[in-house]
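This report refers to the structure that appears directly beneath it.
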Amino acid sequence: MKIIDGKKISNQIKDEIKKEVDSLIASNQKVPHLAAVLVGEDGASLTYVGSKVRSCKQVGFDSTLIRLPSTITESSLIEEIDKLNNNKLIDGFIVQLPLPKHIDEEKILMAIKPEKDVDGFHPTNFGKMALNMDTFIPATPFGIIELLKRYNIETSGKHTVVIGRSHIVGRPISILMNSKREAGDSTVTVVHSRTKNLEFYTKSADILVSALGIPEFVKASMVKNDVVIIDVGITRVEDSSNEKGYILKGDVDFESVKNRASYITPVPGGVGPMTIAMLLKNTLLSKSLSKDK
Ligand code: NAD
């Protein structure tokens with residue numbers, strides 16, 4: 001069994017990005033600028049956005065954090081988004097999800113100019129991805145593809161089973177793994193909360209991508225020998241022995257499943273760190289495409 005070290009690979013990617021930024025600076029060009037919009041005080045969102053901003057600094061990007069109160073109206077938030085759409089200094093921006101209940105997430109994502117949508121959630125970018133056109137690929141699935149590539153894991157002709165069909169992970173990774181592309185070309189089955197006899201599918205997976213958010217849901221009895229396990233799940237589980245009061249758990253019962261797997265991502269340190277690295281990569285791409293944003 002080999003551990004897929006997302007922390008190591010994400011650091012490699014950040015180093016590669018930093019080199020590109022250094023050469024932009026050496027030729028007197030503007031460095032990429034990522035903005036993040038954070039609405040409200042959600043603890044996990046604060047942590048995620050904080051590490052996105054810190055990672056920008058690490059690679060030499062400019063970054064702007066826009067914090068807005070949870071009471072903001074939908075129309076005022078759209079006004080803020082418009083400002084970012086029209087700000088020529090910003091190459092790309094994200095709106096951290098989830099948003100407060102009174103705000104329609106779909107409307108907000110639709111308001112982001114596709115050319116600046118470095119999360120790749122806008123229907124224009126999602127559609128391009130589905131058609132295998134060049135575009136911003138949502139960071140988490142993009143990170144999974146990059147891990148498979150960098151570990152030279154064969155995907156062509158394999159059976160990939162994806163647990164979960166969310167718009168940010170399950171659905172896009174199922175499209176990518178099935179597309180005619182590097183780290184693609186596999187036969188994909190998507191299972192979800194309404195799937196009957198889920199184990200029937202997971203047991204036949206050569207590659208299992210789990211993105212459902214239930215800690216230790218995937219047990220050794222649910223997978224076959226030599227399966228490749230990509231565990232996307234991150235759930236905070238209460239733990240008073242830990243100074244933070246919680247620990248992070250993946251969707252996979254790591255201790256039992258690791259003995260069956262040929263490759264496995266740990267939680268933390270697997271898919272998680274890749275998400276930020278790929279967001280930076282999308283921002284660099286956005287900068288290189290920027291002419292008249
Ligand atoms: P979500 O919460 O939007 O959806 C969960 C999906 O799981 C749904 O499609 C649902 O049908 C499916 N599901 C729920 N219960 C199920 C069951 N019993 N059997 C089979 N399927 C079931 O999902 P999400 O936003 O993709 O998040 C999933 C997990 O991934 C969460 O733990 C989240 O924190 C984590 N996540 C991690 C990263 C990262 O950077 N590593 C990024 C995004 C999400």
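Identifiers in the structure tokens: chain A, B, ... in order shown; residue index from 1 per chain; ligand index from 1 in order shown.
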Mind dumping a table of every chain A residue within 10 Å of ligand 1, with the nearest atom pair and its distance in Å to one decimal, using only C-alpha atoms and all ligand atoms, sorted by chain and rising number, as a tab-separated table?
```
residue	atom	partner	partner_atom_place_in_ligand_line	distance
A:Ala44	CA	ligand 1	34 (O)	9.4
A:Tyr48	CA	ligand 1	40 (O)	9.1
A:Leu97	CA	ligand 1	25 (O)	9.6
A:Pro98	CA	ligand 1	25 (O)	9.5
A:Pro138	CA	ligand 1	42 (C)	9.6
A:Ala139	CA	ligand 1	40 (O)	7.8
A:Thr140	CA	ligand 1	40 (O)	5.4
A:Pro141	CA	ligand 1	42 (C)	8.5
A:Gly143	CA	ligand 1	40 (O)	8.6
A:Ile144	CA	ligand 1	41 (N)	9.2
A:Val162	CA	ligand 1	21 (N)	9.1
A:Ile163	CA	ligand 1	21 (N)	5.5
A:Gly164	CA	ligand 1	7 (O)	3.7
A:Arg165	CA	ligand 1	9 (O)	3.7
A:Ser166	CA	ligand 1	3 (O)	4.5
A:His167	CA	ligand 1	26 (O)	7.0
A:Ile168	CA	ligand 1	26 (O)	5.7
A:Val169	CA	ligand 1	26 (O)	4.6
A:Gly170	CA	ligand 1	26 (O)	5.7
A:Arg171	CA	ligand 1	9 (O)	8.3
A:Pro172	CA	ligand 1	26 (O)	9.8
A:Val190	CA	ligand 1	21 (N)	9.1
A:Val191	CA	ligand 1	20 (C)	6.0
A:His192	CA	ligand 1	21 (N)	3.4
A:Ser193	CA	ligand 1	22 (C)	3.7
A:Arg194	CA	ligand 1	11 (O)	6.7
A:Thr195	CA	ligand 1	20 (C)	6.6
A:Lys196	CA	ligand 1	19 (N)	9.0
A:Asn197	CA	ligand 1	19 (N)	9.7
A:Leu198	CA	ligand 1	20 (C)	7.1
A:Glu199	CA	ligand 1	19 (N)	9.8
A:Ser210	CA	ligand 1	30 (O)	7.7
A:Ala211	CA	ligand 1	28 (C)	4.1
A:Leu212	CA	ligand 1	7 (O)	3.4
A:Gly213	CA	ligand 1	32 (O)	3.2
A:Ile214	CA	ligand 1	32 (O)	6.5
A:Pro215	CA	ligand 1	32 (O)	7.8
A:Phe217	CA	ligand 1	18 (N)	8.0
A:Val218	CA	ligand 1	19 (N)	9.7
A:Ile230	CA	ligand 1	41 (N)	9.8
A:Asp231	CA	ligand 1	41 (N)	7.8
A:Val232	CA	ligand 1	41 (N)	4.7
A:Gly233	CA	ligand 1	32 (O)	3.5
A:Ile234	CA	ligand 1	32 (O)	3.9
A:Thr235	CA	ligand 1	32 (O)	5.0
A:Arg236	CA	ligand 1	34 (O)	8.6
A:Leu248	CA	ligand 1	32 (O)	9.5
A:Lys249	CA	ligand 1	32 (O)	8.3
A:Gly250	CA	ligand 1	32 (O)	7.0
A:Asp251	CA	ligand 1	32 (O)	7.0
A:Val267	CA	ligand 1	41 (N)	8.4
A:Pro268	CA	ligand 1	41 (N)	8.5
A:Gly269	CA	ligand 1	41 (N)	9.1
A:Gly270	CA	ligand 1	41 (N)	7.5
A:Val271	CA	ligand 1	41 (N)	4.7
A:Gly272	CA	ligand 1	41 (N)	3.6
A:Pro273	CA	ligand 1	40 (O)	6.8
A:Met274	CA	ligand 1	40 (O)	7.1
A:Thr275	CA	ligand 1	40 (O)	4.9
A:Ile276	CA	ligand 1	40 (O)	7.6
```
* **Picked from segment 45-166 of chain A by DSSP as strand (DSSP E), as a PyMOL selection string** => chain A and resi 62-68+92-95+159-163
Would you mind exporting C-alpha atoms of the selected residues as a PDB file, in the first residue's frame?
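Below is the file that was written, selection_22.pdb:
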```
ATOM      1  CA  ASP A  62      -1.529  39.435  -4.218  1.00  0.00           C
ATOM      2  CA  SER A  63      -4.675  38.645  -2.293  1.00  0.00           C
ATOM      3  CA  THR A  64      -7.696  40.519  -0.988  1.00  0.00           C
ATOM      4  CA  LEU A  65     -10.123  39.231   1.614  1.00  0.00           C
ATOM      5  CA  ILE A  66     -13.526  40.865   1.570  1.00  0.00           C
ATOM      6  CA  ARG A  67     -15.470  40.157   4.754  1.00  0.00           C
ATOM      7  CA  LEU A  68     -19.173  40.892   4.767  1.00  0.00           C
ATOM      8  CA  GLY A  92      -9.926  35.801 -10.152  1.00  0.00           C
ATOM      9  CA  PHE A  93     -12.126  35.534  -7.088  1.00  0.00           C
ATOM     10  CA  ILE A  94     -14.119  33.088  -5.070  1.00  0.00           C
ATOM     11  CA  VAL A  95     -17.200  33.381  -2.914  1.00  0.00           C
ATOM     12  CA  HIS A 159     -13.895   1.188 -13.158  1.00  0.00           C
ATOM     13  CA  THR A 160     -14.172   4.344 -11.075  1.00  0.00           C
ATOM     14  CA  VAL A 161     -16.924   4.523  -8.485  1.00  0.00           C
ATOM     15  CA  VAL A 162     -17.766   7.956  -7.094  1.00  0.00           C
ATOM     16  CA  ILE A 163     -19.771   8.195  -3.862  1.00  0.00           C
TER      17      ILE A 163
END
```
* To do: Just give me the gap between atom CA of Lys83 of chain A and atom CA of Ala111 of chain A in Å, one decimal is fine.
  => 11.0 Å
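Comparing the minimum interatomic distances between Glu146 of chain A and each of A:Ser290, A:Asn86, A:Asn282, A:Ser10, counting only C-alpha atoms, we find that A:Ser10 sits nearest.
For the choices A:Glu182, A:Glu16, A:Asp22, A:Glu216, the atom-to-atom distance to Glu154 of chain A is smallest for A:Glu182 when using only C-alpha atoms.
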* To do: Excluding Asn85 of chain A and residues on its chain fewer than 2 positions from it, collect all residues at most 9 Å away from it, counting only C-alpha atoms, and give them as a PyMOL selection string.
  => chain A and resi 80-83+87-88+90+92-93+111-113+115-116+293
Residues from the last selection, C-alpha atoms, saved as a tab-separated table (two decimals), in the first residue's frame:
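Printed below is part.tsv as written:
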```tsv
chain	number	residue	atom	x	y	z
A	80	GLU	CA	-19.85	43.50	-4.31
A	81	ILE	CA	-19.42	40.78	-6.92
A	82	ASP	CA	-19.92	43.29	-9.70
A	83	LYS	CA	-17.16	45.43	-8.26
A	87	ASN	CA	-11.83	45.47	-11.04
A	88	LYS	CA	-9.01	45.07	-13.55
A	90	ILE	CA	-8.24	41.20	-9.68
A	92	GLY	CA	-9.93	35.80	-10.15
A	93	PHE	CA	-12.13	35.53	-7.09
A	111	ALA	CA	-23.27	36.70	-11.00
A	112	ILE	CA	-19.55	35.88	-11.13
A	113	LYS	CA	-17.97	36.68	-14.49
A	115	GLU	CA	-13.48	34.66	-16.87
A	116	LYS	CA	-12.82	35.34	-13.16
A	293	LYS	CA	-11.31	41.42	-17.95
```
* Run DSSP on the backbone and grab whatever in segment 20-248 of chain A lands in helix (DSSP H, G or I); send it over as an NGL selection string. => :A and (20-26 or 43-59 or 74-86 or 105-111 or 114-116 or 123-130 or 139-150 or 170-178 or 198-202 or 220-222)
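Omitting segment 283-289 of chain A and its sequence neighbours fewer than 3 positions away, and counting only C-alpha atoms, the residues within 7 Å are Pro32, Leu34, Asp91, Gly92, Lys116, Val118, Leu279 and Leu280 of chain A.
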Could you write those residues out with all heavy atoms, as a PDB file, in the first residue's frame?
```pdb
ATOM      1  N   PRO A  32      -0.266  37.561 -10.135  1.00  0.00           N
ATOM      2  CA  PRO A  32      -1.690  37.232 -10.050  1.00  0.00           C
ATOM      3  C   PRO A  32      -2.303  37.737  -8.741  1.00  0.00           C
ATOM      4  O   PRO A  32      -1.632  37.769  -7.714  1.00  0.00           O
ATOM      5  CB  PRO A  32      -1.703  35.700 -10.098  1.00  0.00           C
ATOM      6  CG  PRO A  32      -0.423  35.323 -10.748  1.00  0.00           C
ATOM      7  CD  PRO A  32       0.571  36.352 -10.325  1.00  0.00           C
ATOM      8  N   LEU A  34      -5.684  37.181  -6.319  1.00  0.00           N
ATOM      9  CA  LEU A  34      -6.903  36.416  -5.993  1.00  0.00           C
ATOM     10  C   LEU A  34      -7.672  37.144  -4.896  1.00  0.00           C
ATOM     11  O   LEU A  34      -7.078  37.564  -3.901  1.00  0.00           O
ATOM     12  CB  LEU A  34      -6.516  35.014  -5.495  1.00  0.00           C
ATOM     13  CG  LEU A  34      -7.655  34.123  -4.980  1.00  0.00           C
ATOM     14  CD1 LEU A  34      -8.547  33.648  -6.128  1.00  0.00           C
ATOM     15  CD2 LEU A  34      -7.102  32.899  -4.241  1.00  0.00           C
ATOM     16  N   ASP A  91      -7.514  39.153 -10.769  1.00  0.00           N
ATOM     17  CA  ASP A  91      -7.535  38.147 -11.855  1.00  0.00           C
ATOM     18  C   ASP A  91      -8.636  37.123 -11.665  1.00  0.00           C
ATOM     19  O   ASP A  91      -9.188  36.614 -12.632  1.00  0.00           O
ATOM     20  CB  ASP A  91      -6.178  37.438 -11.921  1.00  0.00           C
ATOM     21  CG  ASP A  91      -5.087  38.407 -12.284  1.00  0.00           C
ATOM     22  OD1 ASP A  91      -5.110  38.904 -13.409  1.00  0.00           O
ATOM     23  OD2 ASP A  91      -4.249  38.707 -11.411  1.00  0.00           O
ATOM     24  N   GLY A  92      -8.891  36.793 -10.411  1.00  0.00           N
ATOM     25  CA  GLY A  92      -9.926  35.801 -10.152  1.00  0.00           C
ATOM     26  C   GLY A  92     -10.411  35.955  -8.727  1.00  0.00           C
ATOM     27  O   GLY A  92      -9.710  36.520  -7.884  1.00  0.00           O
ATOM     28  N   LYS A 116     -13.471  35.154 -14.471  1.00  0.00           N
ATOM     29  CA  LYS A 116     -12.825  35.337 -13.161  1.00  0.00           C
ATOM     30  C   LYS A 116     -13.220  34.251 -12.168  1.00  0.00           C
ATOM     31  O   LYS A 116     -12.845  34.296 -11.003  1.00  0.00           O
ATOM     32  CB  LYS A 116     -13.194  36.712 -12.591  1.00  0.00           C
ATOM     33  CG  LYS A 116     -12.595  37.862 -13.383  1.00  0.00           C
ATOM     34  CD  LYS A 116     -12.661  39.139 -12.599  1.00  0.00           C
ATOM     35  CE  LYS A 116     -11.980  40.249 -13.376  1.00  0.00           C
ATOM     36  NZ  LYS A 116     -11.816  41.458 -12.563  1.00  0.00           N
ATOM     37  N   VAL A 118     -12.520  31.399 -10.708  1.00  0.00           N
ATOM     38  CA  VAL A 118     -11.432  30.435 -10.530  1.00  0.00           C
ATOM     39  C   VAL A 118     -11.851  29.190  -9.728  1.00  0.00           C
ATOM     40  O   VAL A 118     -11.098  28.216  -9.661  1.00  0.00           O
ATOM     41  CB  VAL A 118     -10.178  31.098  -9.906  1.00  0.00           C
ATOM     42  CG1 VAL A 118      -9.461  31.940 -10.944  1.00  0.00           C
ATOM     43  CG2 VAL A 118     -10.537  31.942  -8.681  1.00  0.00           C
ATOM     44  N   LEU A 279      -6.529  25.846  -6.707  1.00  0.00           N
ATOM     45  CA  LEU A 279      -7.161  27.175  -6.793  1.00  0.00           C
ATOM     46  C   LEU A 279      -6.104  28.199  -7.226  1.00  0.00           C
ATOM     47  O   LEU A 279      -6.353  29.076  -8.056  1.00  0.00           O
ATOM     48  CB  LEU A 279      -7.749  27.555  -5.427  1.00  0.00           C
ATOM     49  CG  LEU A 279      -8.323  28.963  -5.327  1.00  0.00           C
ATOM     50  CD1 LEU A 279      -9.573  29.107  -6.188  1.00  0.00           C
ATOM     51  CD2 LEU A 279      -8.656  29.304  -3.878  1.00  0.00           C
ATOM     52  N   LEU A 280      -4.891  28.057  -6.681  1.00  0.00           N
ATOM     53  CA  LEU A 280      -3.803  28.960  -7.062  1.00  0.00           C
ATOM     54  C   LEU A 280      -3.463  28.752  -8.545  1.00  0.00           C
ATOM     55  O   LEU A 280      -3.211  29.703  -9.279  1.00  0.00           O
ATOM     56  CB  LEU A 280      -2.560  28.708  -6.204  1.00  0.00           C
ATOM     57  CG  LEU A 280      -2.713  28.939  -4.689  1.00  0.00           C
ATOM     58  CD1 LEU A 280      -1.438  28.529  -3.952  1.00  0.00           C
ATOM     59  CD2 LEU A 280      -3.044  30.401  -4.378  1.00  0.00           C
TER      60      LEU A 280
END
```
* Nearest to Leu77 of chain A, chosen from A:Lys149, A:Lys101, A:Lys107, A:Lys57, with only C-alpha atoms counted in the distances -> A:Lys107
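Atom CA of Lys52 of chain A is positioned 12.1 Å from atom CA of His33 of chain A.
The nearest approach to Leu147 of chain A among the residues A:Ala36, A:Leu84, A:Val228, A:Leu24, with only C-alpha atoms taken into account, belongs to A:Val228.
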